[in-house]
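Structure first, then comments.
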Amino acid sequence: MLAALVLPLAACDVQEAASGVGDPELITVLLDEAGEEVTEWRGDADDFGEHPYRPEGLEINVAYPRFTGAGSFSQGLAARVDQEVRDFRGASRNPVSLDIGWEVVAAGHGVLGVRLVRTEEDYHGLRQGYGTYWYDTATGHTAYATELLADGAALEKLNGIVRGVFAHEEDVDVEGLHPVMRTYDSMGFNTDGDLVVEFDDGHLSPVVEGHPPTSEPGRMVAVVPSEQALPLLSDLGERARRASLVEEPVLAVEAPPSTGPGSPPVAPGVVSAGDPDVDCAKDKCIALTFDDGPAETTPHLLDLLAEEDVTASFFLNGDPALTRPGVLRRTYAEGHEIGSHNDLHEHMPKHFADEELTGQVAAVSAMVRRQTGHTVELFRPPFGDSSPEVLGEIGRQGMAEILWSQDSEDWTDTNRDEIVESVVGQAEPGAVVLLHDTLSPTLAAAPEIIERLRGQGYAFATVSQVYGGPEVGESYPPGGLV
């Protein structure tokens with residue numbers, strides 16, 4: 001039933017847009033198949049052998065276009081496709097198949113635009129996702145969709161506009177809309193020059209307890225009229241808009257980049273964790289860390305942290321991250337640090353080995369990147385139970401192992417006052433405190449913990465700030481659990 005709903009819709013989108021039908025919810029398509037000026041690279045599972053987790057039996061059929069004279073764009077698209085394959089492998093439950101197709105949506109005014117369409121199937125069903133990528137022929141830079149916007153403030157304004165568009169839409173969890181890169185990873189322009197913002201199947205769907213949000217509403221679209229969108233656009237965005245409306249697409253790049261790519265800019269929607277004014281080499285720092293979420297209680301904690309201007313570190317498990325992706329996005333958008341707490345909350349040395357261990361470590365990292373664009377750098381094994389094999393796998397996947405130096409023992413059925421006294425009484429500079437945002441007594445204790453620690457001169461920092469940037473493959477604190 002879901003396949004019948006989703007797939008014909010996508011085919012209709014491509015056909016109508018390519019034929020010039022002026023549906024305001026469709027991004028213009030200038031080309032959707034290879035030819036003389038635009039060739040195609042195609043690959044399958046064997047072309048992605050370097051990934052840490054490669055589940056057996058997963059069918060992969062992916063493609064991206066290659067433009068004459070734009071080799072760096074091909075490299076950029078190749079990297080995006082590689083990441084999509086890696087993250088689908090890691091984040092999905094019993095993955096079945098992944099297909100990625102492409103369309104050219106801009107070609108002219110020094111800009112090339114490509115829309116990638118993912119069709120993926122796993123245990124939870126069939127769904128589609130979308131991403132647009134933009135190439136500046138002058139610099140050789142491959143840009144994310146949010147780089148069509150002038151800056152982070154413009155993305156926040158757009159997020160407010162989109163919230164207004166969906167305010168009365170029952171199929172949309174408006175509270176799950178946040179100005180992060182992977183929420184706004186597909187934007188383009190229709191035949192009227194309006195900005196079309198499209199969202200993956202289920203990306204904005206309301207929470208379903210114990211299950212990922214339903215994908216049945218399909219592709220959700222917000223159309224921002226050109227007069228409202230133009231003030232938000234960057235120079236690249238203005239040129240991309242014009243390039244989307246050209247009568248004769250310029251598909252080949254005649255000259256190499258004139259200025260060179262330089263250091264890639266930070267795309268709007270990429271958020272740095274922690275308070276930039278906190279320096280743990282000078283300040284009396286303490287890191288509050290919260291495990292096992294995101295949960296129904298997490299938004300209440302985030303409300304408090306925002307009110308008190310406190311940043312913290314959150315270590316997430318797989319099923320909660322799949323169930324509440326909007327809370328995950330909010331946590332990231334508000335400057336908190338995101339780490340992995342493994343896929344399943346089990347003793348890792350006892351329950352997982354070899355390929356299963358690899359998949360357990362890969363899962364939450366992939367889930368977080370799919371929702372935010374952020375690459376997780378911290379991993380906390382459940383119960384603090386590790387081993388040389390677990391630490392080795394964490395390191396192979398580019399993360400540091402984070403335990404804790406102070407246990408609040410909120411997980412032992414202690415009450416609010418006992419949690420407060422435990423945290424405040426044991427506090428010391430550089431401490432990493434273990435807490436759980438799933439527990440009501442912990443949330444009740446949090447306001448007084450913050451007030452009393454702040455009264456003692458503590459600055460609230462992320463784990464990475466406390467440890468000065470943990471090194472990949474190392475375990476912290478260096479002496480292990482006391």
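Note on naming: chains are A, B, ... as they come in the structure tokens, residues start from 1 per chain, ligands start from 1 in the order shown.
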**Request:** Step one, run DSSP on the backbone; step two, keep only residues of stretch 240-456 of chain A assigned to strand (DSSP E); then write them as an MDAnalysis selection string.
**Result:** chainID A and resid 285:293 313:316 337:340 378:379 400:402 406:407 431:436
Store the residues picked out above, limited to N, CA and C atoms, as a short mmCIF file (atom, residue, chain, number, x, y, z; two decimals), in the first residue's frame.
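Listing of result-v1.cif after writing:
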data_model
loop_
_atom_site.label_atom_id
_atom_site.label_comp_id
_atom_site.auth_asym_id
_atom_site.auth_seq_id
_atom_site.Cartn_x
_atom_site.Cartn_y
_atom_site.Cartn_z
N CYS A 285 34.94 24.40 35.27
CA CYS A 285 33.94 23.75 34.42
C CYS A 285 33.39 22.47 35.05
N ILE A 286 32.16 22.18 34.66
CA ILE A 286 31.53 20.90 34.98
C ILE A 286 30.62 20.55 33.81
N ALA A 287 30.58 19.27 33.45
CA ALA A 287 29.75 18.80 32.33
C ALA A 287 28.61 17.94 32.86
N LEU A 288 27.38 18.37 32.58
CA LEU A 288 26.21 17.56 32.87
C LEU A 288 25.92 16.70 31.64
N THR A 289 25.83 15.39 31.83
CA THR A 289 25.56 14.50 30.71
C THR A 289 24.29 13.69 31.00
N PHE A 290 23.52 13.46 29.95
CA PHE A 290 22.22 12.80 30.09
C PHE A 290 22.14 11.61 29.14
N ASP A 291 21.84 10.44 29.68
CA ASP A 291 21.82 9.20 28.91
C ASP A 291 20.38 8.72 28.63
N ASP A 292 20.28 7.87 27.60
CA ASP A 292 19.12 7.02 27.32
C ASP A 292 18.01 7.68 26.52
N GLY A 293 18.10 8.94 26.19
CA GLY A 293 17.05 9.61 25.45
C GLY A 293 17.26 9.51 23.95
N SER A 313 25.61 17.62 27.49
CA SER A 313 25.91 16.57 26.52
C SER A 313 24.89 15.46 26.68
N PHE A 314 24.37 14.97 25.54
CA PHE A 314 23.33 13.94 25.53
C PHE A 314 23.84 12.71 24.79
N PHE A 315 23.70 11.55 25.41
CA PHE A 315 24.13 10.29 24.81
C PHE A 315 22.86 9.47 24.49
N LEU A 316 22.63 9.24 23.21
CA LEU A 316 21.35 8.71 22.72
C LEU A 316 21.42 7.23 22.39
N GLU A 337 25.67 19.03 23.01
CA GLU A 337 26.54 18.04 22.37
C GLU A 337 25.80 16.71 22.27
N ILE A 338 25.92 16.08 21.10
CA ILE A 338 25.24 14.81 20.85
C ILE A 338 26.29 13.70 20.78
N GLY A 339 26.08 12.66 21.57
CA GLY A 339 26.93 11.48 21.53
C GLY A 339 26.08 10.23 21.38
N SER A 340 26.74 9.11 21.14
CA SER A 340 26.06 7.83 21.00
C SER A 340 26.14 7.05 22.31
N LEU A 378 31.58 11.24 20.01
CA LEU A 378 31.65 10.69 21.37
C LEU A 378 30.75 9.47 21.49
N PHE A 379 31.23 8.46 22.21
CA PHE A 379 30.48 7.22 22.40
C PHE A 379 30.57 6.80 23.86
N ALA A 400 35.66 8.88 20.29
CA ALA A 400 36.30 8.64 21.58
C ALA A 400 35.29 8.04 22.53
N GLU A 401 35.77 7.22 23.45
CA GLU A 401 34.90 6.62 24.47
C GLU A 401 34.81 7.56 25.67
N ILE A 402 33.57 7.86 26.09
CA ILE A 402 33.34 8.77 27.21
C ILE A 402 32.59 8.04 28.31
N GLN A 406 31.73 11.22 37.77
CA GLN A 406 30.83 11.40 38.91
C GLN A 406 29.46 10.80 38.57
N ASP A 407 29.03 9.85 39.35
CA ASP A 407 27.76 9.17 39.14
C ASP A 407 26.72 9.75 40.10
N ALA A 431 34.62 17.80 36.35
CA ALA A 431 33.80 16.60 36.51
C ALA A 431 32.88 16.40 35.32
N VAL A 432 32.65 15.14 34.99
CA VAL A 432 31.66 14.72 34.00
C VAL A 432 30.61 13.92 34.76
N VAL A 433 29.40 14.48 34.85
CA VAL A 433 28.36 13.95 35.74
C VAL A 433 27.39 13.08 34.95
N LEU A 434 27.14 11.88 35.44
CA LEU A 434 26.19 10.96 34.82
C LEU A 434 24.78 11.21 35.34
N LEU A 435 23.86 11.52 34.42
CA LEU A 435 22.44 11.72 34.73
C LEU A 435 21.61 11.08 33.63
N HIS A 436 20.29 11.05 33.81
CA HIS A 436 19.40 10.44 32.82
C HIS A 436 18.19 11.33 32.61
#
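Pairwise distance (atom CA of A:Glu103, atom CA of A:Glu254) equals 21.0 Å.
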**Message:** Give me, as a list in words, all polymer residues having an atom no more than 7 Å from A:Ala138, counting only C-alpha atoms and skipping those fewer than 5 positions away in the same chain.
**Reply:** Gly110, Pro257, Ser258 and Thr259 of chain A
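Proximity to A:Glu307 was assessed for A:Ala222, A:Val111, A:Val105, A:Ile450 counting only C-alpha atoms; the smallest distance is recorded for A:Ile450.
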Within 10 Å of stretch 122-127 of chain A, which residues of stretch 203-239 of chain A come that close, and what is the closest atom pair and distance in Å for each? Count only C-alpha atoms and give it as a Markdown table.
| residue | atom | partner | partner_atom | distance |
| --- | --- | --- | --- | --- |
| A:His211 | CA | A:His124 | CA | 8.6 |
| A:Pro212 | CA | A:His124 | CA | 7.8 |
| A:Pro213 | CA | A:His124 | CA | 9.8 |
| A:Thr214 | CA | A:His124 | CA | 8.9 |
| A:Ser215 | CA | A:Arg127 | CA | 6.4 |
| A:Glu216 | CA | A:Arg127 | CA | 8.3 |
| A:Gly218 | CA | A:Arg127 | CA | 7.5 |
| A:Arg219 | CA | A:Arg127 | CA | 9.2 |
Per-residue DSSP, stretch 213-265 of chain A, filtered to helix (DSSP H, G or I), as a PDB file with C-alpha atoms, in the first residue's frame:
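Wrote states.pdb, looks like this:
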ATOM      1  CA  SER A 226       9.842  34.859  -4.472  1.00  0.00           C
ATOM      2  CA  GLU A 227       9.294  38.288  -2.923  1.00  0.00           C
ATOM      3  CA  GLN A 228       9.518  36.681   0.521  1.00  0.00           C
ATOM      4  CA  ALA A 229      12.439  34.398  -0.369  1.00  0.00           C
ATOM      5  CA  LEU A 230      14.707  36.832  -2.223  1.00  0.00           C
ATOM      6  CA  PRO A 231      15.825  38.804   0.871  1.00  0.00           C
ATOM      7  CA  LEU A 232      16.960  35.519   2.449  1.00  0.00           C
ATOM      8  CA  ASP A 235      24.697  35.384  -3.872  1.00  0.00           C
ATOM      9  CA  LEU A 236      24.835  31.680  -4.734  1.00  0.00           C
ATOM     10  CA  GLY A 237      21.126  31.412  -4.000  1.00  0.00           C
ATOM     11  CA  GLU A 238      20.238  34.346  -6.251  1.00  0.00           C
ATOM     12  CA  ARG A 239      22.286  32.866  -9.102  1.00  0.00           C
ATOM     13  CA  ALA A 240      20.818  29.413  -8.464  1.00  0.00           C
ATOM     14  CA  ARG A 241      17.342  30.897  -8.773  1.00  0.00           C
ATOM     15  CA  ARG A 242      18.177  32.446 -12.136  1.00  0.00           C
ATOM     16  CA  ALA A 243      19.906  29.246 -13.238  1.00  0.00           C
ATOM     17  CA  SER A 244      16.761  27.265 -12.422  1.00  0.00           C
TER      18      SER A 244
END
**Request:** Determine, counting only C-alpha atoms, which protein, DNA and RNA residues have an atom within 7 Å of an atom of A:Ala107; residues of the same chain fewer than 5 positions away are not included. Present the result as a ChimeraX atom specification.
**Result:** /A:112-113,243-244,249-251
Could those residues be written to a file, using C-alpha atoms, as a compact mmCIF listing (two decimals), in the first residue's frame?
# COMPACT_ATOMS: atom_id res chain seq x y z
CA LEU A 112 24.86 23.78 -11.47
CA GLY A 113 22.16 22.22 -9.29
CA ALA A 243 19.91 29.25 -13.24
CA SER A 244 16.76 27.27 -12.42
CA PRO A 249 20.68 25.24 -19.79
CA VAL A 250 24.48 25.54 -19.75
CA LEU A 251 25.44 22.00 -18.83
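Each of A:Met348, A:Val196, A:Ala255, A:Pro268 was checked against A:Glu25 using only C-alpha atoms; the smallest atom-to-atom distance is that of A:Val196.
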**Asked** Residues at most 12 Å from A:Val96, counting only C-alpha atoms, excluding those fewer than 3 positions away in the same chain, as a list in words?
**Response** Ala45, Pro55, Glu56, Gly57, Leu58, Glu59, Ile60, Asn61, Phe88, Arg89, Ser92, Arg93, Asp99, Thr119, Glu120, Glu121, Asp122, Tyr123, His124, Gly125, Leu126 and Arg127 of chain A
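Neighbours of A:Ala353 closer than or equal to 9 Å, with only C-alpha atoms counted and sequence neighbours fewer than 4 positions away skipped, come out as Met348, Pro349, Leu357, Thr358, Glu389 and Val390 of chain A.
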